[in-house]
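Below: one structure, written as structure tokens.
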Amino acid sequence: MALLPAEQAVFPSLSVAENLLVPGPLGGGVDAGVALFPELSRLLARTAGTLSGGEQRMVALSRVLTSPARLLLLDEFGLGLAEEVVARVHAALAALVASGRTVLLAEQTLPDRGAWDYAYELRRGAVVAAHERETPPLGGV
């Protein structure tokens with residue numbers, strides 16, 4: 001399982017490279033992180049706590065999205081990210097789901113319908129809408 005909390009998702013006293021190399025099954029390392037977020041390549045030596053909120057989010061997301069975890073829990077991953085980066089993360093999440101991983105996403109906006117199986121809309125802790133992805137019937141008709 002890999003978790004991306006809504007806040008405090010990086011180790012602020014470590015460099016970006018060190019955050020991407022945190023021991024254990026937390027991430028795929030520096031190369032995988034930079035492949036997903038090329039913007040990080042120029043920031044590897046910087047202390048993560050000095051980065052902008054969006055840059056910190058990319059560091060934390062790279063650890064989660066490149067991890068070998070079968071279950072990914074992401075809380076408000078889009079905080080502080082540009083729309084183009086959010087779209088890139090949505091595409092990465094869709095690829096992870098297609099590869100058989102499970103993603104539990106708490107977010108203000110949904111990715112494209114093809115990227116998820118179930119979606120529940122909550123308001124004040126109550127489910128107000130439930131959506132299930134439509135799948136074609138057996139035989140492809």
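Residue names in the structure tokens use chain letters A, B, ... in the order shown, residue numbers from 1 in each chain, and ligand numbers from 1 in the order shown.
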**Request:** Please provide as a VMD selection string all residues within 10 Å of Arg70 in chain A, with the sequence filter that same-chain residues fewer than 2 positions apart are discarded (counting only C-alpha atoms).
**Result:** chain A and resid 1 to 2 67 to 68 72 96 to 97 99 to 103
**Request:** May I have all residues of chain A that DSSP, computed from the backbone, assigns to strand (DSSP E or B), given as an MDAnalysis selection string?
**Result:** chainID A and resid 2:4 15 47 71:75 102:106 118:123 126:132
Would you put the residues from that selection into a file with N, CA and C atoms, as a short mmCIF file (atom, residue, chain, number, x, y, z; two decimals), in the first residue's frame?
```cif
data_model
loop_
_atom_site.label_atom_id
_atom_site.label_comp_id
_atom_site.auth_asym_id
_atom_site.auth_seq_id
_atom_site.Cartn_x
_atom_site.Cartn_y
_atom_site.Cartn_z
N ALA A 2 0.49 2.23 -0.78
CA ALA A 2 1.21 3.50 -0.81
C ALA A 2 0.20 4.61 -0.57
N LEU A 3 0.55 5.57 0.28
CA LEU A 3 -0.34 6.65 0.67
C LEU A 3 0.24 8.00 0.30
N LEU A 4 -0.63 8.83 -0.29
CA LEU A 4 -0.29 10.23 -0.51
C LEU A 4 -1.25 11.05 0.33
N SER A 15 16.88 16.14 0.62
CA SER A 15 16.87 16.67 -0.74
C SER A 15 15.78 15.96 -1.55
N THR A 47 16.68 21.04 -1.09
CA THR A 47 15.97 20.50 0.07
C THR A 47 14.47 20.57 -0.21
N LEU A 71 -2.07 -1.26 -3.89
CA LEU A 71 -3.14 -0.35 -3.50
C LEU A 71 -2.54 1.02 -3.29
N LEU A 72 -3.09 2.02 -4.00
CA LEU A 72 -2.63 3.39 -3.89
C LEU A 72 -3.75 4.24 -3.32
N LEU A 73 -3.47 4.97 -2.26
CA LEU A 73 -4.43 5.86 -1.63
C LEU A 73 -3.94 7.29 -1.82
N LEU A 74 -4.73 8.09 -2.54
CA LEU A 74 -4.32 9.47 -2.83
C LEU A 74 -5.39 10.43 -2.34
N ASP A 75 -4.99 11.35 -1.49
CA ASP A 75 -5.91 12.34 -0.94
C ASP A 75 -5.59 13.70 -1.53
N THR A 102 -5.11 -1.15 -7.70
CA THR A 102 -6.30 -0.50 -7.15
C THR A 102 -5.92 0.89 -6.69
N VAL A 103 -6.72 1.88 -7.08
CA VAL A 103 -6.48 3.27 -6.70
C VAL A 103 -7.71 3.79 -5.99
N LEU A 104 -7.52 4.29 -4.79
CA LEU A 104 -8.59 4.97 -4.06
C LEU A 104 -8.21 6.44 -4.05
N LEU A 105 -9.05 7.25 -4.68
CA LEU A 105 -8.75 8.64 -4.91
C LEU A 105 -9.80 9.52 -4.25
N ALA A 106 -9.36 10.43 -3.39
CA ALA A 106 -10.24 11.46 -2.82
C ALA A 106 -9.83 12.76 -3.51
N TYR A 118 -15.49 2.73 -10.15
CA TYR A 118 -16.56 3.22 -9.29
C TYR A 118 -16.22 4.62 -8.81
N ALA A 119 -17.22 5.45 -8.68
CA ALA A 119 -17.03 6.78 -8.12
C ALA A 119 -18.20 7.08 -7.20
N TYR A 120 -17.89 7.60 -6.04
CA TYR A 120 -18.92 7.97 -5.07
C TYR A 120 -18.77 9.45 -4.77
N GLU A 121 -19.83 10.18 -4.87
CA GLU A 121 -19.83 11.60 -4.55
C GLU A 121 -20.34 11.76 -3.13
N LEU A 122 -19.52 12.39 -2.31
CA LEU A 122 -19.86 12.59 -0.91
C LEU A 122 -20.10 14.07 -0.63
N ARG A 123 -21.08 14.33 0.20
CA ARG A 123 -21.30 15.68 0.71
C ARG A 123 -21.60 15.56 2.19
N ALA A 126 -21.98 12.05 3.54
CA ALA A 126 -23.04 11.17 3.04
C ALA A 126 -22.88 10.98 1.53
N VAL A 127 -23.12 9.75 1.06
CA VAL A 127 -23.06 9.47 -0.37
C VAL A 127 -24.30 10.06 -1.02
N VAL A 128 -24.08 10.98 -1.98
CA VAL A 128 -25.21 11.61 -2.67
C VAL A 128 -25.33 11.11 -4.11
N ALA A 129 -24.30 10.44 -4.61
CA ALA A 129 -24.37 9.87 -5.95
C ALA A 129 -23.33 8.76 -6.05
N ALA A 130 -23.68 7.72 -6.79
CA ALA A 130 -22.76 6.61 -7.04
C ALA A 130 -22.75 6.36 -8.54
N HIS A 131 -21.56 6.17 -9.08
CA HIS A 131 -21.40 5.95 -10.52
C HIS A 131 -20.55 4.70 -10.71
N GLU A 132 -20.93 3.89 -11.68
CA GLU A 132 -20.15 2.72 -12.04
C GLU A 132 -19.82 2.82 -13.52
#
```
**Request:** Compile the contact shell of Ser62 in chain A as a ChimeraX atom specification: residues with an atom at most 12 Å away, counting only C-alpha atoms, same-chain residues fewer than 2 positions apart removed.
**Result:** /A:2-4,9-10,16-17,19-22,26-40,55-60,64-68,74,77,85,88-89,92-93
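Residue nearest Ala6 in chain A within the list A:Val86, A:Glu107, A:Leu44, A:Leu51: A:Glu107 [criterion: smallest interatomic distance, only C-alpha atoms].
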**Message:** Considering only C-alpha atoms, can you say which of A:Glu83, A:Ala69, A:Arg124, A:Pro12 comes closest to Ser52 in chain A?
**Reply:** A:Pro12
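Between CA of Leu43 in chain A and CA of Gln108 in chain A the interatomic distance comes to 28.3 Å.
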**Asked** Out of range 8-110 of chain A, which residues get helix (DSSP H, G or I) from DSSP, as a count of residues only?
**Response** 50
**Prompt:** Expressed in Å to a single decimal, how great is the separation between CA of Ala48 in chain A and CA of Glu18 in chain A?
**Reply:** 9.0 Å
